[in-house]
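A.B. asks: I'd like to ask some things about the structure below.
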Amino acid sequence: RDLHRVDRRQRPDVYKRQGDVILIKDDQLAEALNALPPDNRDIFLMYWFLGMADREIAEHLHMVRRTVNARRQSAYRLLKELMGGEADD
């Protein structure tokens, strides 16, 4: 996969995808993102931080769009729970 986290010893809150760099400045959010399953985290980051549509993510990861949508929603619910919010808000 092209999206990967930079070595934790450097910065646990920096993610890279080809030429894109995603910097997570909020420690709680960075910790919650790191707790997500890697595939779901990649999809979440591509959607929310890189502004990619499910269709684009699906093409990039060679997945069905419906799978991308389900994993993105799952990541969102888990992230919300990890950050202390209700999953159904």
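In the structure tokens, each chain is lettered A, B, ... as it comes, each chain's residues begin at 1, and ligands are numbered from 1 in order of appearance.
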Using only C-alpha atoms, what does the table of region 67-87 of chain A residues within 7 Å of region 38-56 of chain A look like, with each row giving the shortest atom pair and its distance in Å to one decimal, sorted by chain and ascending number, as CSV?
C.D. replies:
residue,atom,partner,partner_atom,distance
A:Val68,CA,A:Asp54,CA,6.1
A:Asn69,CA,A:Asp54,CA,6.2
A:Arg71,CA,A:Asn40,CA,5.4
A:Arg72,CA,A:Phe44,CA,5.4
A:Ala75,CA,A:Asn40,CA,5.5
A.B. asks: Between CA of Tyr76 (chain A) and CA of Asp26 (chain A), measure the distance and give it in Å to one decimal.
C.D. replies: 16.4 Å
A.B. asks: Distance CA of Ile57 (chain A)-CA of Leu82 (chain A), one decimal place?
C.D. replies: 24.0 Å
A.B. asks: Taking into account only C-alpha atoms, which residue in the set A:Leu36, A:Val14, A:Ala30, A:Leu23 is nearest to Leu78 (chain A)?
C.D. replies: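 The answer is A:Leu36, which sits nearest to Leu78 (chain A).
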